[in-house]
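One file, target-v1.pdb, carrying PDB, C-alpha atoms and all ligand atoms:
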```
MODEL        1
ATOM      1  CA  MET E  14      96.209 169.097  71.402
ATOM      2  CA  ASP E  15      99.165 167.034  70.187
ATOM      3  CA  GLU E  16      99.978 163.462  71.085
ATOM      4  CA  ARG E  17     102.763 164.286  73.538
ATOM      5  CA  ALA E  18     100.574 166.676  75.484
ATOM      6  CA  LEU E  19      97.821 164.090  75.506
ATOM      7  CA  VAL E  20     100.114 161.357  76.818
ATOM      8  CA  ARG E  21     101.361 163.723  79.531
ATOM      9  CA  ARG E  22      97.775 164.385  80.583
ATOM     10  CA  ILE E  23      96.888 160.702  80.640
ATOM     11  CA  LYS E  24     100.041 159.966  82.629
ATOM     12  CA  ARG E  25      99.088 162.618  85.179
ATOM     13  CA  LEU E  26      95.571 161.219  85.456
ATOM     14  CA  SER E  27      96.840 157.697  85.970
ATOM     15  CA  ALA E  28      99.561 158.503  88.507
ATOM     16  CA  GLY E  29      99.591 156.558  91.747
ATOM     17  CA  GLN E  30     100.913 153.377  93.278
ATOM     18  CA  ALA E  31      99.287 150.046  92.574
ATOM     19  CA  PRO E  32     100.274 146.584  93.772
ATOM     20  CA  GLY E  33     102.501 144.787  91.300
ATOM     21  CA  VAL E  34     103.055 147.753  89.002
ATOM     22  CA  VAL E  35     106.826 148.131  88.745
ATOM     23  CA  LEU E  36     106.728 150.548  85.816
ATOM     24  CA  GLY E  37     103.665 152.355  84.478
ATOM     25  CA  ILE E  38     103.075 154.716  81.534
ATOM     26  CA  GLY E  39     106.065 156.330  79.874
ATOM     27  CA  ASP E  40     108.496 153.610  78.786
ATOM     28  CA  ASP E  41     108.314 151.282  75.777
ATOM     29  CA  ALA E  42     106.274 148.872  77.854
ATOM     30  CA  ALA E  43     104.943 148.625  81.388
ATOM     31  CA  VAL E  44     106.311 146.156  83.927
ATOM     32  CA  PHE E  45     104.017 144.173  86.197
ATOM     33  CA  ARG E  46     105.179 141.686  88.820
ATOM     34  CA  PRO E  47     102.504 139.227  89.957
ATOM     35  CA  ALA E  48     102.545 138.064  93.573
ATOM     36  CA  ASP E  49     103.587 134.492  94.378
ATOM     37  CA  GLY E  50     100.740 132.043  94.066
ATOM     38  CA  GLU E  51      98.480 134.076  91.833
ATOM     39  CA  ASP E  52      97.185 133.510  88.337
ATOM     40  CA  LEU E  53      96.497 136.503  86.131
ATOM     41  CA  VAL E  54      93.318 136.657  84.040
ATOM     42  CA  PHE E  55      93.155 138.798  80.897
ATOM     43  CA  THR E  56      90.310 140.075  78.812
ATOM     44  CA  THR E  57      89.980 142.600  76.023
ATOM     45  CA  ASP E  58      86.899 144.527  74.943
ATOM     46  CA  MET E  59      86.243 146.938  72.117
ATOM     47  CA  LEU E  60      83.906 149.878  72.269
ATOM     48  CA  VAL E  61      82.959 151.351  68.905
ATOM     49  CA  GLU E  62      81.043 154.533  68.151
ATOM     50  CA  GLY E  63      77.723 153.684  66.485
ATOM     51  CA  VAL E  64      77.880 150.087  67.750
ATOM     52  CA  HIS E  65      78.318 150.380  71.517
ATOM     53  CA  PHE E  66      77.603 154.061  72.030
ATOM     54  CA  GLU E  67      76.353 157.136  70.212
ATOM     55  CA  ARG E  68      78.041 160.459  70.097
ATOM     56  CA  ASP E  69      74.847 162.418  70.809
ATOM     57  CA  SER E  70      73.420 160.488  73.730
ATOM     58  CA  HIS E  71      76.461 159.182  75.604
ATOM     59  CA  ARG E  72      78.583 161.616  77.559
ATOM     60  CA  PRO E  73      82.343 161.066  77.188
ATOM     61  CA  SER E  74      82.662 160.150  80.878
ATOM     62  CA  ASP E  75      79.970 157.486  80.400
ATOM     63  CA  VAL E  76      81.873 156.073  77.420
ATOM     64  CA  GLY E  77      85.093 155.953  79.449
ATOM     65  CA  HIS E  78      83.331 154.295  82.372
ATOM     66  CA  LYS E  79      81.690 151.691  80.191
ATOM     67  CA  ALA E  80      84.859 150.933  78.221
ATOM     68  CA  LEU E  81      86.519 149.761  81.429
ATOM     69  CA  ALA E  82      83.381 148.369  83.097
ATOM     70  CA  ARG E  83      82.963 145.762  80.343
ATOM     71  CA  GLY E  84      86.415 144.354  80.978
ATOM     72  CA  LEU E  85      86.103 144.509  84.757
ATOM     73  CA  SER E  86      82.799 142.644  84.523
ATOM     74  CA  ASP E  87      84.705 139.779  82.884
ATOM     75  CA  VAL E  88      87.364 139.988  85.593
ATOM     76  CA  ALA E  89      84.564 139.762  88.199
ATOM     77  CA  ALA E  90      83.070 136.754  86.440
ATOM     78  CA  MET E  91      86.408 134.937  86.846
ATOM     79  CA  GLY E  92      86.344 135.651  90.588
ATOM     80  CA  ALA E  93      89.432 137.839  90.170
ATOM     81  CA  VAL E  94      90.554 141.143  91.676
ATOM     82  CA  PRO E  95      91.446 143.870  89.146
ATOM     83  CA  ARG E  96      95.131 144.765  88.815
ATOM     84  CA  PHE E  97      95.644 146.910  85.723
ATOM     85  CA  CYS E  98      94.311 147.955  82.343
ATOM     86  CA  LEU E  99      95.722 149.068  78.995
ATOM     87  CA  VAL E 100      93.628 151.478  76.975
ATOM     88  CA  SER E 101      93.936 152.060  73.232
ATOM     89  CA  LEU E 102      91.847 154.835  71.778
ATOM     90  CA  ALA E 103      91.344 155.954  68.183
ATOM     91  CA  LEU E 104      89.812 159.427  68.124
ATOM     92  CA  ALA E 105      87.378 160.648  65.473
ATOM     93  CA  PRO E 106      87.724 164.074  63.827
ATOM     94  CA  TRP E 107      84.832 165.388  65.945
ATOM     95  CA  CYS E 108      86.547 164.615  69.267
ATOM     96  CA  GLY E 109      87.843 167.703  71.007
ATOM     97  CA  GLU E 110      89.956 168.128  74.090
ATOM     98  CA  ARG E 111      86.895 168.150  76.317
ATOM     99  CA  TRP E 112      85.704 164.820  74.981
ATOM    100  CA  VAL E 113      89.089 163.195  75.561
ATOM    101  CA  ASP E 114      89.311 164.618  79.083
ATOM    102  CA  GLY E 115      85.788 163.417  79.864
ATOM    103  CA  PHE E 116      86.544 159.951  78.530
ATOM    104  CA  TYR E 117      89.616 159.520  80.739
ATOM    105  CA  ARG E 118      87.835 161.096  83.727
ATOM    106  CA  GLY E 119      85.061 158.502  83.467
ATOM    107  CA  LEU E 120      87.490 155.652  82.937
ATOM    108  CA  MET E 121      89.809 156.696  85.776
ATOM    109  CA  GLY E 122      86.884 157.202  88.162
ATOM    110  CA  LEU E 123      86.013 153.522  87.840
ATOM    111  CA  ALA E 124      89.695 152.512  87.760
ATOM    112  CA  ARG E 125      90.386 154.238  91.081
ATOM    113  CA  SER E 126      87.282 152.918  92.813
ATOM    114  CA  THR E 127      88.198 149.353  91.820
ATOM    115  CA  GLY E 128      91.980 149.477  92.341
ATOM    116  CA  THR E 129      92.735 149.132  88.620
ATOM    117  CA  ALA E 130      95.959 150.828  87.509
ATOM    118  CA  LEU E 131      96.133 152.336  84.016
ATOM    119  CA  ILE E 132      99.598 151.256  82.908
ATOM    120  CA  GLY E 133      99.632 151.903  79.177
ATOM    121  CA  GLY E 134      97.836 152.079  75.875
ATOM    122  CA  ASP E 135      97.950 153.639  72.455
ATOM    123  CA  LEU E 136      96.467 156.627  70.661
ATOM    124  CA  SER E 137      95.408 156.867  67.053
ATOM    125  CA  HIS E 138      92.695 158.359  64.872
ATOM    126  CA  SER E 139      89.830 156.936  62.854
ATOM    127  CA  ASP E 140      86.499 157.889  61.262
ATOM    128  CA  LYS E 141      84.690 156.712  64.365
ATOM    129  CA  VAL E 142      85.838 156.590  67.956
ATOM    130  CA  THR E 143      87.167 153.125  68.642
ATOM    131  CA  CYS E 144      88.460 152.030  71.983
ATOM    132  CA  ASP E 145      90.002 148.796  73.167
ATOM    133  CA  VAL E 146      90.593 148.044  76.828
ATOM    134  CA  VAL E 147      92.713 145.168  78.078
ATOM    135  CA  ALA E 148      91.895 144.398  81.702
ATOM    136  CA  CYS E 149      93.918 142.135  83.960
ATOM    137  CA  GLY E 150      92.943 140.659  87.300
ATOM    138  CA  ALA E 151      94.523 138.311  89.807
ATOM    139  CA  VAL E 152      93.166 135.184  91.404
ATOM    140  CA  PRO E 153      94.776 132.524  93.647
ATOM    141  CA  CYS E 154      96.484 129.856  91.529
ATOM    142  CA  GLY E 155      94.033 127.446  89.964
ATOM    143  CA  GLU E 156      90.939 129.090  91.438
ATOM    144  CA  ALA E 157      89.607 131.209  88.570
ATOM    145  CA  LEU E 158      85.879 130.670  88.070
ATOM    146  CA  ARG E 159      85.136 129.190  84.680
ATOM    147  CA  ARG E 160      82.143 128.607  82.451
ATOM    148  CA  GLY E 161      82.888 124.925  82.138
ATOM    149  CA  GLY E 162      82.469 123.713  85.710
ATOM    150  CA  ALA E 163      78.687 123.318  86.013
ATOM    151  CA  ARG E 164      77.419 119.781  86.656
ATOM    152  CA  VAL E 165      74.044 118.093  86.371
ATOM    153  CA  GLY E 166      72.049 118.912  89.491
ATOM    154  CA  ASP E 167      73.730 122.283  90.119
ATOM    155  CA  LEU E 168      71.432 125.215  90.840
ATOM    156  CA  ILE E 169      71.569 128.315  88.613
ATOM    157  CA  PHE E 170      71.531 131.760  90.193
ATOM    158  CA  VAL E 171      71.572 135.285  88.836
ATOM    159  CA  SER E 172      72.520 138.503  90.615
ATOM    160  CA  GLY E 173      70.430 141.678  90.675
ATOM    161  CA  SER E 174      67.635 142.098  88.170
ATOM    162  CA  LEU E 175      67.615 141.754  84.407
ATOM    163  CA  GLY E 176      66.408 143.907  81.539
ATOM    164  CA  ALA E 177      67.406 147.323  82.935
ATOM    165  CA  SER E 178      69.917 148.062  80.201
ATOM    166  CA  ALA E 179      67.556 147.098  77.353
ATOM    167  CA  LEU E 180      64.743 149.092  78.961
ATOM    168  CA  GLY E 181      67.062 152.088  79.417
ATOM    169  CA  LEU E 182      68.201 151.945  75.812
ATOM    170  CA  LYS E 183      64.551 152.062  74.728
ATOM    171  CA  CYS E 184      63.211 154.762  77.053
ATOM    172  CA  ARG E 185      66.403 156.854  77.388
ATOM    173  CA  LYS E 186      65.580 158.191  80.805
ATOM    174  CA  GLY E 187      65.581 157.491  84.510
ATOM    175  CA  ALA E 188      67.396 154.854  86.513
ATOM    176  CA  ALA E 189      67.263 152.238  83.723
ATOM    177  CA  TRP E 190      69.053 154.579  81.316
ATOM    178  CA  ARG E 191      71.705 155.259  83.967
ATOM    179  CA  ARG E 192      72.152 151.523  84.397
ATOM    180  CA  HIS E 193      72.700 151.245  80.646
ATOM    181  CA  LEU E 194      75.231 154.092  80.669
ATOM    182  CA  ARG E 195      77.115 153.108  83.809
ATOM    183  CA  PRO E 196      77.090 149.399  84.502
ATOM    184  CA  GLU E 197      78.766 148.385  87.766
ATOM    185  CA  PRO E 198      81.042 145.355  87.503
ATOM    186  CA  ARG E 199      80.113 142.869  90.244
ATOM    187  CA  LEU E 200      83.647 142.505  91.583
ATOM    188  CA  ALA E 201      82.871 141.905  95.251
ATOM    189  CA  LEU E 202      80.288 139.306  94.284
ATOM    190  CA  GLY E 203      82.758 137.531  92.000
ATOM    191  CA  SER E 204      85.239 137.120  94.850
ATOM    192  CA  PHE E 205      82.450 135.960  97.164
ATOM    193  CA  LEU E 206      81.382 133.323  94.618
ATOM    194  CA  ARG E 207      84.921 132.013  94.384
ATOM    195  CA  GLU E 208      85.990 132.211  98.026
ATOM    196  CA  THR E 209      82.849 131.559  99.995
ATOM    197  CA  LEU E 210      80.192 129.909  97.841
ATOM    198  CA  ARG E 211      82.706 127.902  95.809
ATOM    199  CA  ALA E 212      80.588 128.421  92.706
ATOM    200  CA  THR E 213      81.045 125.639  90.167
ATOM    201  CA  ALA E 214      80.757 128.001  87.163
ATOM    202  CA  ALA E 215      80.189 131.694  86.535
ATOM    203  CA  MET E 216      80.003 134.249  83.730
ATOM    204  CA  ASP E 217      78.853 137.808  83.296
ATOM    205  CA  LEU E 218      75.705 138.684  81.381
ATOM    206  CA  SER E 219      76.801 140.886  78.508
ATOM    207  CA  ASP E 220      74.602 139.580  75.692
ATOM    208  CA  GLY E 221      71.415 138.428  77.444
ATOM    209  CA  VAL E 222      70.796 135.456  79.714
ATOM    210  CA  SER E 223      69.239 133.367  76.914
ATOM    211  CA  LEU E 224      72.464 133.474  74.908
ATOM    212  CA  ASP E 225      75.013 133.695  77.731
ATOM    213  CA  LEU E 226      73.538 130.771  79.656
ATOM    214  CA  ARG E 227      73.643 128.694  76.489
ATOM    215  CA  ARG E 228      77.371 129.474  76.227
ATOM    216  CA  LEU E 229      77.918 128.424  79.840
ATOM    217  CA  CYS E 230      75.978 125.210  79.297
ATOM    218  CA  GLU E 231      77.932 124.413  76.127
ATOM    219  CA  GLU E 232      81.224 124.834  77.962
ATOM    220  CA  SER E 233      79.983 122.669  80.837
ATOM    221  CA  GLY E 234      78.414 120.021  78.601
ATOM    222  CA  VAL E 235      75.024 120.258  80.305
ATOM    223  CA  ALA E 236      71.520 121.603  79.628
ATOM    224  CA  ALA E 237      69.618 124.146  81.723
ATOM    225  CA  GLU E 238      66.048 124.097  82.929
ATOM    226  CA  LEU E 239      64.803 127.549  83.905
ATOM    227  CA  ASP E 240      61.639 127.459  85.944
ATOM    228  CA  GLY E 241      60.109 130.490  84.214
ATOM    229  CA  SER E 242      60.614 133.102  86.890
ATOM    230  CA  LEU E 243      63.295 135.756  86.576
ATOM    231  CA  PRO E 244      64.182 138.802  88.664
ATOM    232  CA  ILE E 245      62.967 141.392  86.158
ATOM    233  CA  TYR E 246      63.960 145.041  86.482
ATOM    234  CA  PRO E 247      60.863 147.151  87.276
ATOM    235  CA  GLY E 248      59.238 148.229  84.017
ATOM    236  CA  ALA E 249      61.261 145.851  81.822
ATOM    237  CA  THR E 250      59.547 143.173  79.746
ATOM    238  CA  VAL E 251      60.243 139.435  80.010
ATOM    239  CA  ALA E 252      61.853 139.609  76.556
ATOM    240  CA  GLN E 253      64.160 142.433  77.679
ATOM    241  CA  ALA E 254      65.136 140.420  80.771
ATOM    242  CA  LEU E 255      65.789 137.227  78.773
ATOM    243  CA  HIS E 256      67.400 138.594  75.641
ATOM    244  CA  GLY E 257      68.492 142.180  76.366
ATOM    245  CA  GLY E 258      72.233 142.525  76.695
ATOM    246  CA  GLU E 259      74.542 144.633  78.830
ATOM    247  CA  ASP E 260      73.067 144.014  82.251
ATOM    248  CA  TYR E 261      76.515 142.922  83.445
ATOM    249  CA  GLU E 262      75.046 140.861  86.263
ATOM    250  CA  LEU E 263      76.605 137.492  87.059
ATOM    251  CA  VAL E 264      75.033 134.130  86.362
ATOM    252  CA  PHE E 265      76.565 131.298  88.389
ATOM    253  CA  THR E 266      75.997 127.734  89.466
ATOM    254  CA  VAL E 267      76.490 126.041  92.828
ATOM    255  CA  SER E 268      76.274 122.413  93.814
ATOM    256  CA  ARG E 269      72.991 121.398  95.432
ATOM    257  CA  GLY E 270      73.064 121.962  99.165
ATOM    258  CA  THR E 271      75.155 125.145  98.960
ATOM    259  CA  VAL E 272      73.563 127.805 101.130
ATOM    260  CA  VAL E 273      73.214 130.923  98.978
ATOM    261  CA  PRO E 274      72.139 134.084 100.813
ATOM    262  CA  ALA E 275      69.122 136.000  99.471
ATOM    263  CA  GLU E 276      71.406 138.933  98.843
ATOM    264  CA  PHE E 277      75.024 139.966  98.841
ATOM    265  CA  GLY E 278      76.052 143.600  99.343
ATOM    266  CA  GLY E 279      72.522 144.772  98.572
ATOM    267  CA  LEU E 280      72.391 142.706  95.397
ATOM    268  CA  ALA E 281      69.657 140.055  95.237
ATOM    269  CA  LEU E 282      70.726 136.492  94.430
ATOM    270  CA  ASN E 283      67.893 134.525  92.867
ATOM    271  CA  CYS E 284      67.726 130.877  91.886
ATOM    272  CA  ILE E 285      66.337 130.677  88.339
ATOM    273  CA  GLY E 286      66.683 126.968  87.561
ATOM    274  CA  ARG E 287      68.949 123.941  87.520
ATOM    275  CA  MET E 288      71.391 122.075  85.336
ATOM    276  CA  VAL E 289      70.111 118.847  83.837
ATOM    277  CA  ALA E 290      71.374 116.132  81.532
ATOM    278  CA  GLY E 291      70.554 116.851  77.878
ATOM    279  CA  LYS E 292      71.918 118.337  74.703
ATOM    280  CA  PRO E 293      74.801 120.558  75.841
ATOM    281  CA  GLY E 294      73.777 124.200  75.526
ATOM    282  CA  SER E 295      70.047 123.676  75.332
ATOM    283  CA  VAL E 296      68.050 125.890  77.670
ATOM    284  CA  SER E 297      64.369 125.489  78.505
ATOM    285  CA  TRP E 298      62.109 128.101  80.009
ATOM    286  CA  GLY E 299      58.986 127.022  81.858
ATOM    287  CA  GLY E 300      59.089 123.675  80.019
ATOM    288  CA  GLN E 301      59.565 125.153  76.528
ATOM    289  CA  PRO E 302      62.833 125.440  74.563
ATOM    290  CA  LEU E 303      64.267 128.930  74.935
ATOM    291  CA  ALA E 304      65.684 130.497  71.767
ATOM    292  CA  ALA E 305      69.035 132.210  72.289
ATOM    293  CA  LEU E 306      67.961 135.615  70.992
ATOM    294  CA  GLY E 307      70.548 137.615  72.919
ATOM    295  CA  TYR E 308      72.913 140.028  71.198
ATOM    296  CA  ASP E 309      75.210 138.638  68.510
ATOM    297  CA  HIS E 310      77.311 141.044  66.389
ATOM    298  CA  PHE E 311      77.317 138.729  63.399
ATOM    299  CA  ARG E 312      73.781 137.390  63.302
ATOM    300  CA  LYS E 313      72.103 138.363  60.026
TER     301      LYS E 313
HETATM  302 MG    MG E 401      81.958 137.989  79.632
ENDMDL
END
```

Let me see the file written as structure tokens.
Ligand SMILES: [Mg+2]
Amino acid sequence: MDERALVRRIKRLSAGQAPGVVLGIGDDAAVFRPADGEDLVFTTDMLVEGVHFERDSHRPSDVGHKALARGLSDVAAMGAVPRFCLVSLALAPWCGERWVDGFYRGLMGLARSTGTALIGGDLSHSDKVTCDVVACGAVPCGEALRRGGARVGDLIFVSGSLGASALGLKCRKGAAWRRHLRPEPRLALGSFLRETLRATAAMDLSDGVSLDLRRLCEESGVAAELDGSLPIYPGATVAQALHGGEDYELVFTVSRGTVVPAEFGGLALNCIGRMVAGKPGSVSWGGQPLAALGYDHFRK
């Protein structure tokens, strides 16, 4: 397997028309032409062997899926529609042809089902598999959902249920483990929040609601009061639901009086609290301060 053959294979896998893509893989750079009146949102996410996945327990197609799902979850949180991705992959000595094929199969499966074109990337080698995915989405000019728009009095909602990924990582079996391996970016919900509910702020839950909600509150300059009830994934603990990362659900705020349906596309939408005046970023849980114990790469 040499690099040219690999690029040819990736090019074959990624073939197809996509809106805005003028030139895809194969030249020095890709060319993308945004439609009139749209803003583009960009995000980049790394996936590192031994940090985000393990060689023994994660199939290559799961790794490929997750590498893109993390970026698309951010695109969803902005209320944007995916347009394209760029994928850079450093392969470890243990990676064979089958692993590489599986990785791109998993990644392209999610790319196709979400309308995300693969338009470029880079290949290299390293001691451990390291992957970086740049994802780009489009949103009508000025309408991207941000973390900083929540106001005192807004209600806080969360989609789905929390703690599945942390539970799956612990028990390594069943539906919770599959949720950990193959998170589904909440793209349709993100657009619904922007277009229909006019959410005041939104973000995706990658590091645990205790930490992510603090980030949203800091950006918005408000405090949050959680009433102490959470939609907890069956079998997960309260701690897993509060602090476990990688659920990739959306947390969002709406102004009081907004009618939020009990579910959207089969995904429950639950009110978990409200925004209040107070020290920006502080979050309380059932009347007590909630420590932000969610996942942080650099916490000692
Ligand atoms: Mg995010």

Query raised in the report: Near Gly270 in chain E, within 12 Å and counting all atoms listed in the file, which residues show up once chain neighbours fewer than 2 positions away are dropped, as a VMD selection string?
Result: chain E and resid 166 to 168 210 to 212 266 to 268 272 to 273

Could those selected residues go to a file with C-alpha atoms, as a PDB file, keeping the file's coordinate frame?
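Everything below was put into selection.pdb:
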```pdb
ATOM      1  CA  GLY E 166      72.049 118.912  89.491  1.00  0.00           C
ATOM      2  CA  ASP E 167      73.730 122.283  90.119  1.00  0.00           C
ATOM      3  CA  LEU E 168      71.432 125.215  90.840  1.00  0.00           C
ATOM      4  CA  LEU E 210      80.192 129.909  97.841  1.00  0.00           C
ATOM      5  CA  ARG E 211      82.706 127.902  95.809  1.00  0.00           C
ATOM      6  CA  ALA E 212      80.588 128.421  92.706  1.00  0.00           C
ATOM      7  CA  THR E 266      75.997 127.734  89.466  1.00  0.00           C
ATOM      8  CA  VAL E 267      76.490 126.041  92.828  1.00  0.00           C
ATOM      9  CA  SER E 268      76.274 122.413  93.814  1.00  0.00           C
ATOM     10  CA  VAL E 272      73.563 127.805 101.130  1.00  0.00           C
ATOM     11  CA  VAL E 273      73.214 130.923  98.978  1.00  0.00           C
TER      12      VAL E 273
END
```

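Atom pair CA of Gly258 in chain E / CA of Cys184 in chain E: separated by 15.2 Å.
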
Query raised in the report: Got a sec to check which residues sit within 12 Å of (73.4, 135.6, 80.7), counting all atoms listed in the file, and write them as a PyMOL selection string?
Result: chain E and resi 90+160+169-172+174-176+215-230+243+253-265+285+296+305-308

Result set, the PyMOL selection byres (((chain E and resi 106) around 9) and not hetatm) on current file, as a PDB file with C-alpha atoms, in the frame of the given file:
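Once written, part-v6.pdb looks like this:
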```pdb
ATOM      1  CA  LEU E 104      89.812 159.427  68.124  1.00  0.00           C
ATOM      2  CA  ALA E 105      87.378 160.648  65.473  1.00  0.00           C
ATOM      3  CA  TRP E 107      84.832 165.388  65.945  1.00  0.00           C
ATOM      4  CA  CYS E 108      86.547 164.615  69.267  1.00  0.00           C
ATOM      5  CA  GLY E 109      87.843 167.703  71.007  1.00  0.00           C
ATOM      6  CA  HIS E 138      92.695 158.359  64.872  1.00  0.00           C
ATOM      7  CA  SER E 139      89.830 156.936  62.854  1.00  0.00           C
ATOM      8  CA  ASP E 140      86.499 157.889  61.262  1.00  0.00           C
ATOM      9  CA  LYS E 141      84.690 156.712  64.365  1.00  0.00           C
ATOM     10  CA  VAL E 142      85.838 156.590  67.956  1.00  0.00           C
TER      11      VAL E 142
END
```

Requested in this report: Quick one: everything within 9 Å of Glu276 in chain E, counting only C-alpha atoms, minus sequence neighbours fewer than 6 positions away in the same chain. Send it as number ranges by chain.
Outcome: E: 172-173, 282-283

Requested in this report: Can you turn the PyMOL selection byres (((chain E and resi 196) around 9) and not hetatm) into a concrete residue list for this file, as a list in words?
Outcome: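 Applied to this file, the PyMOL selection byres (((chain E and resi 196) around 9) and not hetatm) returns His78, Lys79, Ala82, Arg83, Ser86, Ser178, Arg191, Arg192, His193, Leu194, Arg195, Glu197, Pro198, Glu259, Asp260, Tyr261 and Glu262 of chain E.
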
Query raised in the report: Selected by the PyMOL selection byres (((chain E and resi 56) around 7) and not hetatm) in the shown coordinates: which residues, as a ChimeraX atom specification?
Result: /E:54-55,57-58,84,87,147-149

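Considering only C-alpha atoms and all ligand atoms, the residue among E:Pro47, E:Arg199, E:Ser126, E:Leu120 positioned nearest to ligand MG 401 (chain E) is E:Arg199.
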
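Shortest atom-to-atom contact with Ser204 in chain E among E:Val152, E:Ala179, E:Leu36, E:Val251: E:Val152, counting all atoms listed in the file.
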
Padded axis-aligned box of range 151-167 of chain E (6 Å per side), centre and edge lengths, Å, one decimal, as JSON:
```
{"center_x": 84.3, "center_y": 128.2, "center_z": 87.9, "size_x": 36.4, "size_y": 32.2, "size_z": 23.5}
```

Query raised in the report: Any idea what's packed within 7 Å of range 92-103 of chain E, counting all atoms listed in the file, ignoring anything in its chain fewer than 3 positions away? Could you give it as a PyMOL selection string?
Result: chain E and resi 85+88-89+127-139+142-152+157-158+203-204+206-207

Report summary line: Counting only C-alpha atoms and all ligand atoms, closest pick from E:Leu239, E:Val165, E:Ala290, E:Met91 relative to ligand MG 401 (chain E) is E:Met91

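Here CA of Asp40 in chain E is placed at a distance of 15.6 Å from CA of Ala18 in chain E.
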
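Take the candidates E:Ala177, E:Leu182, E:Leu53, E:Val76 and check each one against Glu156 in chain E using only C-alpha atoms; the shortest distance goes to E:Leu53.
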
Query raised in the report: Residues around (89.0, 160.3, 80.4), cut-off 10 Å, counting only C-alpha atoms - what are they as a list of chain:residue names?
Result: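 In the file's frame, the residues around the point are E:Arg22, E:Ile23, E:Leu26, E:Ser27, E:Pro73, E:Ser74, E:Asp75, E:Val76, E:Gly77, E:His78, E:Arg111, E:Trp112, E:Val113, E:Asp114, E:Gly115, E:Phe116, E:Tyr117, E:Arg118, E:Gly119, E:Leu120, E:Met121, E:Gly122.
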
Writing out the chosen residues with C-alpha atoms as a tab-separated table (two decimals), in the frame of the given file:
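This went into out_5.tsv:
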```
chain	number	residue	atom	x	y	z
E	22	ARG	CA	97.78	164.38	80.58
E	23	ILE	CA	96.89	160.70	80.64
E	26	LEU	CA	95.57	161.22	85.46
E	27	SER	CA	96.84	157.70	85.97
E	73	PRO	CA	82.34	161.07	77.19
E	74	SER	CA	82.66	160.15	80.88
E	75	ASP	CA	79.97	157.49	80.40
E	76	VAL	CA	81.87	156.07	77.42
E	77	GLY	CA	85.09	155.95	79.45
E	78	HIS	CA	83.33	154.29	82.37
E	111	ARG	CA	86.90	168.15	76.32
E	112	TRP	CA	85.70	164.82	74.98
E	113	VAL	CA	89.09	163.20	75.56
E	114	ASP	CA	89.31	164.62	79.08
E	115	GLY	CA	85.79	163.42	79.86
E	116	PHE	CA	86.54	159.95	78.53
E	117	TYR	CA	89.62	159.52	80.74
E	118	ARG	CA	87.84	161.10	83.73
E	119	GLY	CA	85.06	158.50	83.47
E	120	LEU	CA	87.49	155.65	82.94
E	121	MET	CA	89.81	156.70	85.78
E	122	GLY	CA	86.88	157.20	88.16
```

Query raised in the report: Just how far from CA of Gly29 in chain E is CA of Arg46 in chain E, in Å to one decimal?
Result: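 It comes out at 16.2 Å.
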
Query raised in the report: Which is closer to Pro153 in chain E than all the others in E:Ala275, E:Leu280, E:Ala304, E:Ala48, using all atoms listed in the file?
Result: E:Ala48

Report task. Find the residues around His65 in chain E up to 10 Å (all atoms listed in the file counted), leave out those fewer than 2 positions away in its own chain, and share them as number ranges by chain. Result -> E: 59-63, 67, 71, 76, 79-80, 143

Could you rebuild range 20-30 of chain E with N, CA and C atoms and give me the result as a PDB file, keeping the file's coordinate frame?
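Heads up, here's the output in selection_22.pdb:
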```pdb
ATOM      1  N   VAL E  20      99.501 162.430  76.009  1.00  0.00           N
ATOM      2  CA  VAL E  20     100.114 161.357  76.818  1.00  0.00           C
ATOM      3  C   VAL E  20     100.486 161.893  78.198  1.00  0.00           C
ATOM      4  N   ARG E  21     101.014 163.127  78.225  1.00  0.00           N
ATOM      5  CA  ARG E  21     101.361 163.723  79.531  1.00  0.00           C
ATOM      6  C   ARG E  21     100.135 163.821  80.423  1.00  0.00           C
ATOM      7  N   ARG E  22      99.006 164.241  79.788  1.00  0.00           N
ATOM      8  CA  ARG E  22      97.775 164.385  80.583  1.00  0.00           C
ATOM      9  C   ARG E  22      97.296 163.041  81.107  1.00  0.00           C
ATOM     10  N   ILE E  23      97.347 162.038  80.229  1.00  0.00           N
ATOM     11  CA  ILE E  23      96.888 160.702  80.640  1.00  0.00           C
ATOM     12  C   ILE E  23      97.792 160.174  81.752  1.00  0.00           C
ATOM     13  N   LYS E  24      99.082 160.428  81.623  1.00  0.00           N
ATOM     14  CA  LYS E  24     100.041 159.966  82.629  1.00  0.00           C
ATOM     15  C   LYS E  24      99.742 160.620  83.979  1.00  0.00           C
ATOM     16  N   ARG E  25      99.422 161.909  83.931  1.00  0.00           N
ATOM     17  CA  ARG E  25      99.088 162.618  85.179  1.00  0.00           C
ATOM     18  C   ARG E  25      97.848 162.009  85.824  1.00  0.00           C
ATOM     19  N   LEU E  26      96.841 161.775  84.962  1.00  0.00           N
ATOM     20  CA  LEU E  26      95.571 161.219  85.456  1.00  0.00           C
ATOM     21  C   LEU E  26      95.762 159.847  86.091  1.00  0.00           C
ATOM     22  N   SER E  27      96.715 159.089  85.552  1.00  0.00           N
ATOM     23  CA  SER E  27      96.840 157.697  85.970  1.00  0.00           C
ATOM     24  C   SER E  27      97.861 157.511  87.083  1.00  0.00           C
ATOM     25  N   ALA E  28      98.483 158.613  87.515  1.00  0.00           N
ATOM     26  CA  ALA E  28      99.561 158.503  88.507  1.00  0.00           C
ATOM     27  C   ALA E  28      99.057 157.852  89.793  1.00  0.00           C
ATOM     28  N   GLY E  29      99.959 157.201  90.473  1.00  0.00           N
ATOM     29  CA  GLY E  29      99.591 156.558  91.747  1.00  0.00           C
ATOM     30  C   GLY E  29     100.207 155.187  91.833  1.00  0.00           C
ATOM     31  N   GLN E  30     100.317 154.692  93.050  1.00  0.00           N
ATOM     32  CA  GLN E  30     100.913 153.377  93.278  1.00  0.00           C
ATOM     33  C   GLN E  30      99.835 152.312  93.138  1.00  0.00           C
TER      34      GLN E  30
END
```
